[in-house]
$ cat final.cif   # mmCIF, N, CA and C atoms
data_start
loop_
_atom_site.group_PDB
_atom_site.id
_atom_site.type_symbol
_atom_site.label_atom_id
_atom_site.label_comp_id
_atom_site.auth_asym_id
_atom_site.auth_seq_id
_atom_site.Cartn_x
_atom_site.Cartn_y
_atom_site.Cartn_z
ATOM 1 N N MET A 1 107.196 164.497 95.039
ATOM 2 C CA MET A 1 106.214 165.508 95.314
ATOM 3 C C MET A 1 105.136 165.571 94.245
ATOM 4 N N GLY A 2 105.548 165.604 93.003
ATOM 5 C CA GLY A 2 104.564 165.769 91.939
ATOM 6 C C GLY A 2 103.786 164.495 91.668
ATOM 7 N N GLY A 3 104.477 163.466 91.257
ATOM 8 C CA GLY A 3 103.812 162.201 90.966
ATOM 9 C C GLY A 3 103.098 162.231 89.620
ATOM 10 N N THR A 4 102.487 161.122 89.290
ATOM 11 C CA THR A 4 101.768 161.055 88.011
ATOM 12 C C THR A 4 100.394 161.663 88.167
ATOM 13 N N LYS A 5 99.903 162.208 87.087
ATOM 14 C CA LYS A 5 98.603 162.845 87.106
ATOM 15 C C LYS A 5 97.510 161.812 86.875
ATOM 16 N N LYS A 6 96.330 162.150 87.285
ATOM 17 C CA LYS A 6 95.183 161.259 87.116
ATOM 18 C C LYS A 6 94.741 161.315 85.659
ATOM 19 N N LEU A 7 94.555 160.132 85.048
ATOM 20 C CA LEU A 7 94.166 160.067 83.643
ATOM 21 C C LEU A 7 92.674 160.300 83.480
ATOM 22 N N ARG A 8 92.313 160.828 82.328
ATOM 23 C CA ARG A 8 90.901 160.993 82.000
ATOM 24 C C ARG A 8 90.313 159.639 81.647
ATOM 25 N N LEU A 9 88.991 159.551 81.640
ATOM 26 C CA LEU A 9 88.318 158.283 81.341
ATOM 27 C C LEU A 9 88.653 157.767 79.948
ATOM 28 N N SER A 10 88.676 158.672 78.970
ATOM 29 C CA SER A 10 88.965 158.244 77.601
ATOM 30 C C SER A 10 90.389 157.702 77.495
ATOM 31 N N GLN A 11 91.318 158.309 78.236
ATOM 32 C CA GLN A 11 92.693 157.825 78.222
ATOM 33 C C GLN A 11 92.800 156.451 78.867
ATOM 34 N N LEU A 12 92.053 156.236 79.950
ATOM 35 C CA LEU A 12 92.044 154.932 80.606
ATOM 36 C C LEU A 12 91.479 153.852 79.686
ATOM 37 N N GLU A 13 90.398 154.191 78.974
ATOM 38 C CA GLU A 13 89.785 153.228 78.054
ATOM 39 C C GLU A 13 90.749 152.842 76.941
ATOM 40 N N LYS A 14 91.429 153.824 76.380
ATOM 41 C CA LYS A 14 92.388 153.543 75.315
ATOM 42 C C LYS A 14 93.530 152.665 75.826
ATOM 43 N N ARG A 15 94.007 152.948 77.018
ATOM 44 C CA ARG A 15 95.085 152.160 77.593
ATOM 45 C C ARG A 15 94.634 150.711 77.800
ATOM 46 N N GLN A 16 93.406 150.537 78.291
ATOM 47 C CA GLN A 16 92.882 149.192 78.513
ATOM 48 C C GLN A 16 92.746 148.429 77.202
ATOM 49 N N GLU A 17 92.289 149.101 76.160
ATOM 50 C CA GLU A 17 92.165 148.460 74.840
ATOM 51 C C GLU A 17 93.529 148.023 74.317
ATOM 52 N N ARG A 18 94.537 148.893 74.452
ATOM 53 C CA ARG A 18 95.877 148.548 73.992
ATOM 54 C C ARG A 18 96.438 147.352 74.757
ATOM 55 N N GLU A 19 96.255 147.337 76.084
ATOM 56 C CA GLU A 19 96.735 146.218 76.885
ATOM 57 C C GLU A 19 96.005 144.927 76.522
ATOM 58 N N LYS A 20 94.730 145.032 76.276
ATOM 59 C CA LYS A 20 93.926 143.861 75.893
ATOM 60 C C LYS A 20 94.418 143.296 74.561
ATOM 61 N N LEU A 21 94.703 144.184 73.608
ATOM 62 C CA LEU A 21 95.197 143.744 72.303
ATOM 63 C C LEU A 21 96.585 143.130 72.418
ATOM 64 N N LYS A 22 97.419 143.675 73.305
ATOM 65 C CA LYS A 22 98.752 143.112 73.501
ATOM 66 C C LYS A 22 98.676 141.691 74.035
ATOM 67 N N LYS A 23 97.777 141.479 75.005
ATOM 68 C CA LYS A 23 97.627 140.155 75.596
ATOM 69 C C LYS A 23 97.107 139.149 74.570
ATOM 70 N N GLU A 24 96.179 139.585 73.728
ATOM 71 C CA GLU A 24 95.609 138.700 72.711
ATOM 72 C C GLU A 24 96.556 138.511 71.541
ATOM 73 N N GLY A 25 97.481 139.408 71.373
ATOM 74 C CA GLY A 25 98.429 139.315 70.267
ATOM 75 C C GLY A 25 97.862 139.846 68.959
ATOM 76 N N GLY A 26 96.786 140.585 69.022
ATOM 77 C CA GLY A 26 96.167 141.132 67.817
ATOM 78 C C GLY A 26 96.771 142.459 67.428
ATOM 79 N N ALA A 27 96.480 142.855 66.244
ATOM 80 C CA ALA A 27 96.970 144.136 65.749
ATOM 81 C C ALA A 27 95.978 145.229 66.105
ATOM 82 N N LYS A 28 96.402 146.461 65.911
ATOM 83 C CA LYS A 28 95.532 147.600 66.160
ATOM 84 C C LYS A 28 94.356 147.569 65.199
ATOM 85 N N PRO A 29 93.190 147.954 65.668
ATOM 86 C CA PRO A 29 92.079 148.067 64.724
ATOM 87 C C PRO A 29 92.321 149.257 63.803
ATOM 88 N N LYS A 30 92.286 149.003 62.530
ATOM 89 C CA LYS A 30 92.558 150.068 61.570
ATOM 90 C C LYS A 30 91.284 150.861 61.319
ATOM 91 N N SER A 31 91.418 152.165 61.356
ATOM 92 C CA SER A 31 90.282 153.018 61.067
ATOM 93 C C SER A 31 90.291 153.320 59.574
ATOM 94 N N GLU A 32 89.121 153.308 59.013
ATOM 95 C CA GLU A 32 89.013 153.594 57.586
ATOM 96 C C GLU A 32 89.049 155.098 57.381
ATOM 97 N N LYS A 33 89.912 155.515 56.493
ATOM 98 C CA LYS A 33 90.005 156.933 56.192
ATOM 99 C C LYS A 33 89.285 157.196 54.874
ATOM 100 N N LYS A 34 88.441 158.176 54.903
ATOM 101 C CA LYS A 34 87.754 158.553 53.677
ATOM 102 C C LYS A 34 88.606 159.574 52.948
ATOM 103 N N THR A 35 88.873 159.298 51.720
ATOM 104 C CA THR A 35 89.662 160.239 50.936
ATOM 105 C C THR A 35 88.835 160.710 49.757
ATOM 106 N N GLY A 36 89.183 161.836 49.247
ATOM 107 C CA GLY A 36 88.492 162.372 48.091
ATOM 108 C C GLY A 36 89.182 161.945 46.812
ATOM 109 N N GLU A 37 89.783 160.783 46.824
ATOM 110 C CA GLU A 37 90.541 160.304 45.667
ATOM 111 C C GLU A 37 89.599 160.101 44.476
ATOM 112 N N VAL A 38 89.957 160.676 43.356
ATOM 113 C CA VAL A 38 89.180 160.514 42.142
ATOM 114 C C VAL A 38 89.942 159.586 41.223
ATOM 115 N N LEU A 39 89.285 158.571 40.748
ATOM 116 C CA LEU A 39 89.928 157.645 39.833
ATOM 117 C C LEU A 39 90.027 158.286 38.457
ATOM 118 N N ASN A 40 90.990 157.827 37.680
ATOM 119 C CA ASN A 40 91.203 158.409 36.359
ATOM 120 C C ASN A 40 89.987 158.237 35.464
ATOM 121 N N GLU A 41 89.225 157.136 35.652
ATOM 122 C CA GLU A 41 88.034 156.931 34.828
ATOM 123 C C GLU A 41 86.959 157.965 35.153
ATOM 124 N N ALA A 42 86.979 158.470 36.378
ATOM 125 C CA ALA A 42 85.957 159.422 36.803
ATOM 126 C C ALA A 42 86.341 160.868 36.488
ATOM 127 N N ASP A 43 87.529 161.077 35.931
ATOM 128 C CA ASP A 43 87.954 162.446 35.611
ATOM 129 C C ASP A 43 86.972 163.124 34.660
ATOM 130 N N GLU A 44 86.501 162.381 33.679
ATOM 131 C CA GLU A 44 85.574 162.964 32.700
ATOM 132 C C GLU A 44 84.258 163.368 33.353
ATOM 133 N N LYS A 45 83.804 162.578 34.329
ATOM 134 C CA LYS A 45 82.550 162.915 35.014
ATOM 135 C C LYS A 45 82.696 164.213 35.790
ATOM 136 N N VAL A 46 83.835 164.371 36.454
ATOM 137 C CA VAL A 46 84.089 165.603 37.200
ATOM 138 C C VAL A 46 84.267 166.754 36.224
ATOM 139 N N PHE A 47 84.912 166.489 35.100
ATOM 140 C CA PHE A 47 85.134 167.528 34.091
ATOM 141 C C PHE A 47 83.804 168.026 33.533
ATOM 142 N N GLU A 48 82.855 167.125 33.327
ATOM 143 C CA GLU A 48 81.528 167.527 32.840
ATOM 144 C C GLU A 48 80.854 168.459 33.842
ATOM 145 N N LYS A 49 81.078 168.221 35.119
ATOM 146 C CA LYS A 49 80.504 169.063 36.157
ATOM 147 C C LYS A 49 81.102 170.465 36.139
ATOM 148 N N LEU A 50 82.369 170.563 35.731
ATOM 149 C CA LEU A 50 83.086 171.837 35.743
ATOM 150 C C LEU A 50 83.100 172.523 34.383
ATOM 151 N N LYS A 51 82.498 171.907 33.383
ATOM 152 C CA LYS A 51 82.622 172.390 32.010
ATOM 153 C C LYS A 51 82.023 173.778 31.794
ATOM 154 N N GLY A 52 81.029 174.155 32.539
ATOM 155 C CA GLY A 52 80.374 175.443 32.339
ATOM 156 C C GLY A 52 81.146 176.631 32.875
ATOM 157 N N LEU A 53 82.193 176.388 33.620
ATOM 158 C CA LEU A 53 82.954 177.476 34.232
ATOM 159 C C LEU A 53 84.004 178.015 33.265
ATOM 160 N N LYS A 54 84.235 179.327 33.313
ATOM 161 C CA LYS A 54 85.214 179.949 32.419
ATOM 162 C C LYS A 54 86.640 179.719 32.894
ATOM 163 N N VAL A 55 86.870 179.858 34.208
ATOM 164 C CA VAL A 55 88.204 179.751 34.775
ATOM 165 C C VAL A 55 88.170 178.679 35.861
ATOM 166 N N LEU A 56 89.183 177.827 35.859
ATOM 167 C CA LEU A 56 89.278 176.775 36.863
ATOM 168 C C LEU A 56 90.546 176.959 37.689
ATOM 169 N N THR A 57 90.386 176.971 38.980
ATOM 170 C CA THR A 57 91.501 176.978 39.912
ATOM 171 C C THR A 57 91.288 175.809 40.872
ATOM 172 N N PRO A 58 92.309 175.411 41.621
ATOM 173 C CA PRO A 58 92.103 174.336 42.583
ATOM 174 C C PRO A 58 90.998 174.653 43.597
ATOM 175 N N TYR A 59 90.872 175.909 43.983
ATOM 176 C CA TYR A 59 89.833 176.277 44.944
ATOM 177 C C TYR A 59 88.444 176.112 44.341
ATOM 178 N N VAL A 60 88.287 176.457 43.082
ATOM 179 C CA VAL A 60 86.992 176.303 42.421
ATOM 180 C C VAL A 60 86.614 174.828 42.360
ATOM 181 N N VAL A 61 87.574 173.976 42.006
ATOM 182 C CA VAL A 61 87.317 172.535 41.948
ATOM 183 C C VAL A 61 86.986 172.021 43.342
ATOM 184 N N PHE A 62 87.698 172.511 44.349
ATOM 185 C CA PHE A 62 87.460 172.124 45.735
ATOM 186 C C PHE A 62 86.041 172.457 46.161
ATOM 187 N N THR A 63 85.579 173.663 45.847
ATOM 188 C CA THR A 63 84.251 174.071 46.281
ATOM 189 C C THR A 63 83.147 173.397 45.481
ATOM 190 N N GLN A 64 83.366 173.153 44.199
ATOM 191 C CA GLN A 64 82.327 172.574 43.356
ATOM 192 C C GLN A 64 82.166 171.070 43.551
ATOM 193 N N THR A 65 83.276 170.358 43.792
ATOM 194 C CA THR A 65 83.217 168.898 43.834
ATOM 195 C C THR A 65 83.370 168.318 45.228
ATOM 196 N N GLY A 66 83.917 169.068 46.170
ATOM 197 C CA GLY A 66 84.119 168.550 47.510
ATOM 198 C C GLY A 66 85.403 167.756 47.670
ATOM 199 N N LEU A 67 86.275 167.804 46.663
ATOM 200 C CA LEU A 67 87.568 167.129 46.756
ATOM 201 C C LEU A 67 88.483 167.911 47.677
ATOM 202 N N ARG A 68 89.519 167.253 48.176
ATOM 203 C CA ARG A 68 90.531 167.966 48.943
ATOM 204 C C ARG A 68 91.349 168.818 47.979
ATOM 205 N N MET A 69 92.038 169.832 48.532
ATOM 206 C CA MET A 69 92.786 170.761 47.685
ATOM 207 C C MET A 69 93.894 170.051 46.913
ATOM 208 N N GLY A 70 94.617 169.164 47.554
ATOM 209 C CA GLY A 70 95.703 168.448 46.874
ATOM 210 C C GLY A 70 95.177 167.604 45.732
ATOM 211 N N GLU A 71 94.056 166.932 45.966
ATOM 212 C CA GLU A 71 93.467 166.104 44.909
ATOM 213 C C GLU A 71 92.918 166.977 43.783
ATOM 214 N N ALA A 72 92.413 168.157 44.117
ATOM 215 C CA ALA A 72 91.927 169.075 43.088
ATOM 216 C C ALA A 72 93.079 169.522 42.187
ATOM 217 N N LYS A 73 94.249 169.782 42.777
ATOM 218 C CA LYS A 73 95.416 170.173 41.985
ATOM 219 C C LYS A 73 95.855 169.038 41.067
ATOM 220 N N ARG A 74 95.867 167.819 41.613
ATOM 221 C CA ARG A 74 96.263 166.664 40.787
ATOM 222 C C ARG A 74 95.271 166.426 39.659
ATOM 223 N N LEU A 75 93.992 166.618 39.940
ATOM 224 C CA LEU A 75 92.959 166.453 38.918
ATOM 225 C C LEU A 75 93.161 167.447 37.780
ATOM 226 N N LEU A 76 93.428 168.703 38.122
ATOM 227 C CA LEU A 76 93.644 169.715 37.095
ATOM 228 C C LEU A 76 94.873 169.401 36.251
ATOM 229 N N LYS A 77 95.932 168.897 36.875
ATOM 230 C CA LYS A 77 97.132 168.524 36.114
ATOM 231 C C LYS A 77 96.839 167.363 35.168
ATOM 232 N N ARG A 78 96.073 166.366 35.644
ATOM 233 C CA ARG A 78 95.728 165.228 34.782
ATOM 234 C C ARG A 78 94.888 165.670 33.594
ATOM 235 N N LEU A 79 93.936 166.582 33.843
ATOM 236 C CA LEU A 79 93.101 167.078 32.747
ATOM 237 C C LEU A 79 93.914 167.906 31.761
ATOM 238 N N GLU A 80 94.933 168.610 32.250
ATOM 239 C CA GLU A 80 95.810 169.363 31.358
ATOM 240 C C GLU A 80 96.637 168.407 30.492
ATOM 241 N N GLU A 81 97.116 167.323 31.093
ATOM 242 C CA GLU A 81 97.896 166.345 30.336
ATOM 243 C C GLU A 81 97.048 165.664 29.267
ATOM 244 N N LYS A 82 95.759 165.493 29.536
ATOM 245 C CA LYS A 82 94.858 164.886 28.548
ATOM 246 C C LYS A 82 94.502 165.863 27.431
ATOM 247 N N GLY A 83 94.771 167.146 27.662
ATOM 248 C CA GLY A 83 94.491 168.147 26.647
ATOM 249 C C GLY A 83 93.124 168.793 26.787
ATOM 250 N N LEU A 84 92.435 168.545 27.887
ATOM 251 C CA LEU A 84 91.116 169.134 28.091
ATOM 252 C C LEU A 84 91.192 170.544 28.662
ATOM 253 N N LEU A 85 92.275 170.851 29.357
ATOM 254 C CA LEU A 85 92.469 172.170 29.948
ATOM 255 C C LEU A 85 93.744 172.786 29.425
ATOM 256 N N LYS A 86 93.793 174.128 29.474
ATOM 257 C CA LYS A 86 94.995 174.853 29.091
ATOM 258 C C LYS A 86 95.353 175.779 30.241
ATOM 259 N N ARG A 87 96.628 175.784 30.616
ATOM 260 C CA ARG A 87 97.076 176.632 31.709
ATOM 261 C C ARG A 87 97.234 178.063 31.216
ATOM 262 N N VAL A 88 96.690 179.006 31.974
ATOM 263 C CA VAL A 88 96.671 180.406 31.558
ATOM 264 C C VAL A 88 97.911 181.149 32.020
ATOM 265 N N ASN A 89 98.330 180.950 33.269
ATOM 266 C CA ASN A 89 99.448 181.724 33.806
ATOM 267 C C ASN A 89 100.688 180.854 33.944
ATOM 268 N N GLU A 90 101.813 181.508 34.090
ATOM 269 C CA GLU A 90 103.088 180.807 34.208
ATOM 270 C C GLU A 90 103.559 180.714 35.660
ATOM 271 N N GLU A 91 102.868 181.356 36.561
ATOM 272 C CA GLU A 91 103.260 181.339 37.965
ATOM 273 C C GLU A 91 102.925 179.984 38.579
ATOM 274 N N ASN A 92 103.846 179.429 39.339
ATOM 275 C CA ASN A 92 103.642 178.112 39.928
ATOM 276 C C ASN A 92 102.752 178.128 41.164
ATOM 277 N N ARG A 93 102.691 179.234 41.851
ATOM 278 C CA ARG A 93 101.933 179.284 43.104
ATOM 279 C C ARG A 93 100.435 179.347 42.859
ATOM 280 N N LEU A 94 100.005 180.043 41.839
ATOM 281 C CA LEU A 94 98.588 180.189 41.554
ATOM 282 C C LEU A 94 98.300 179.499 40.227
ATOM 283 N N LEU A 95 97.592 178.388 40.289
ATOM 284 C CA LEU A 95 97.267 177.632 39.088
ATOM 285 C C LEU A 95 95.933 178.108 38.543
ATOM 286 N N ILE A 96 95.937 178.608 37.329
ATOM 287 C CA ILE A 96 94.709 179.051 36.681
ATOM 288 C C ILE A 96 94.621 178.323 35.338
ATOM 289 N N TYR A 97 93.489 177.678 35.130
ATOM 290 C CA TYR A 97 93.262 176.907 33.911
ATOM 291 C C TYR A 97 91.993 177.414 33.235
ATOM 292 N N THR A 98 91.924 177.182 31.941
ATOM 293 C CA THR A 98 90.719 177.452 31.174
ATOM 294 C C THR A 98 90.501 176.268 30.242
ATOM 295 N N LEU A 99 89.302 176.159 29.716
ATOM 296 C CA LEU A 99 89.001 175.065 28.811
ATOM 297 C C LEU A 99 89.769 175.227 27.513
ATOM 298 N N SER A 100 90.262 174.148 26.993
ATOM 299 C CA SER A 100 90.994 174.229 25.735
ATOM 300 C C SER A 100 89.994 174.145 24.586
ATOM 301 N N LYS A 101 90.474 174.421 23.384
ATOM 302 C CA LYS A 101 89.604 174.379 22.193
ATOM 303 C C LYS A 101 89.124 172.955 21.912
ATOM 304 N N ALA A 102 89.940 171.965 22.252
ATOM 305 C CA ALA A 102 89.587 170.565 21.987
ATOM 306 C C ALA A 102 88.429 170.113 22.855
ATOM 307 N N ALA A 103 88.275 170.716 24.019
ATOM 308 C CA ALA A 103 87.202 170.308 24.938
ATOM 309 C C ALA A 103 85.902 170.888 24.452
#
$ encode --input "final.cif" --output "structure tokens"
Amino acid sequence: MGGTKKLRLSQLEKRQEREKLKKEGGAKPKSEKKTGEVLNEADEKVFEKLKGLKVLTPYVVFTQTGLRMGEAKRLLKRLEEKGLLKRVNEENRLLIYTLSKAA
């Protein structure tokens, strides 16, 4: 009674592409993902951009630099390990940093 439903055009196109690739024996075309990954060499450049701020949180880094939130957290941890930042609070959920005296 029910039967299969009619596919949308985009679904038909995707199915045809997959079948075509199977017949040719090729792999899926990989899509390039853009990430906000910051290299360790570029940490200082980002730090210079944030140097004028009194308090640094992952959200502040996210809004100022355009990095993803996870990458902003990792960046702040790396800068703390280098000694450029000092962590203000002891709570793990809310990360608040300030510039250290060495910076």
$ select_by_dssp --input "final.cif" --residues "chain A" --states "strand (DSSP E)" --output "ChimeraX atom specification"
/A:55-56,85-87,97-99
$ residues_near_point --input "final.cif" --point "(91.1, 176.9, 35.5)" --cutoff "6 Å" --atoms "only N, CA and C atoms" --output "list of chain:residue names"
A:Lys54, A:Val55, A:Leu56, A:Thr57, A:Leu95, A:Ile96, A:Tyr97, A:Thr98
$ write_last_selection --input "final.cif" --atoms "N, CA and C atoms" --output "PDB file, in the coordinates of the input"
ATOM      1  N   LYS A  54      84.235 179.327  33.313  1.00  0.00           N
ATOM      2  CA  LYS A  54      85.214 179.949  32.419  1.00  0.00           C
ATOM      3  C   LYS A  54      86.640 179.719  32.894  1.00  0.00           C
ATOM      4  N   VAL A  55      86.870 179.858  34.208  1.00  0.00           N
ATOM      5  CA  VAL A  55      88.204 179.751  34.775  1.00  0.00           C
ATOM      6  C   VAL A  55      88.170 178.679  35.861  1.00  0.00           C
ATOM      7  N   LEU A  56      89.183 177.827  35.859  1.00  0.00           N
ATOM      8  CA  LEU A  56      89.278 176.775  36.863  1.00  0.00           C
ATOM      9  C   LEU A  56      90.546 176.959  37.689  1.00  0.00           C
ATOM     10  N   THR A  57      90.386 176.971  38.980  1.00  0.00           N
ATOM     11  CA  THR A  57      91.501 176.978  39.912  1.00  0.00           C
ATOM     12  C   THR A  57      91.288 175.809  40.872  1.00  0.00           C
ATOM     13  N   LEU A  95      97.592 178.388  40.289  1.00  0.00           N
ATOM     14  CA  LEU A  95      97.267 177.632  39.088  1.00  0.00           C
ATOM     15  C   LEU A  95      95.933 178.108  38.543  1.00  0.00           C
ATOM     16  N   ILE A  96      95.937 178.608  37.329  1.00  0.00           N
ATOM     17  CA  ILE A  96      94.709 179.051  36.681  1.00  0.00           C
ATOM     18  C   ILE A  96      94.621 178.323  35.338  1.00  0.00           C
ATOM     19  N   TYR A  97      93.489 177.678  35.130  1.00  0.00           N
ATOM     20  CA  TYR A  97      93.262 176.907  33.911  1.00  0.00           C
ATOM     21  C   TYR A  97      91.993 177.414  33.235  1.00  0.00           C
ATOM     22  N   THR A  98      91.924 177.182  31.941  1.00  0.00           N
ATOM     23  CA  THR A  98      90.719 177.452  31.174  1.00  0.00           C
ATOM     24  C   THR A  98      90.501 176.268  30.242  1.00  0.00           C
TER      25      THR A  98
END
$ select_by_dssp --input "final.cif" --residues "chain A" --states "alpha helix (DSSP H)" --output "ChimeraX atom specification"
/A:9-24,43-50,58-65,69-82
$ closest_residue --input "final.cif" --among "A:Arg87, A:Lys20, A:Thr4, A:Lys14" --to "A:Ser100" --atoms "all atoms listed in the file"
A:Arg87
$ residues_around --input "final.cif" --residues "A:Met69" --least-positions-apart "5" --cutoff "7 Å" --atoms "only N, CA and C atoms" --output "JSON, numbers by chain"
{"A": [58, 59, 62, 74]}
$ atom_distance --input "final.cif" --atom1 "atom N of A:Leu84" --atom2 "atom N of A:Leu99"
8.4 Å
$ atom_distance --input "final.cif" --atom1 "atom CA of A:Leu75" --atom2 "atom C of A:Asp43"
8.1 Å
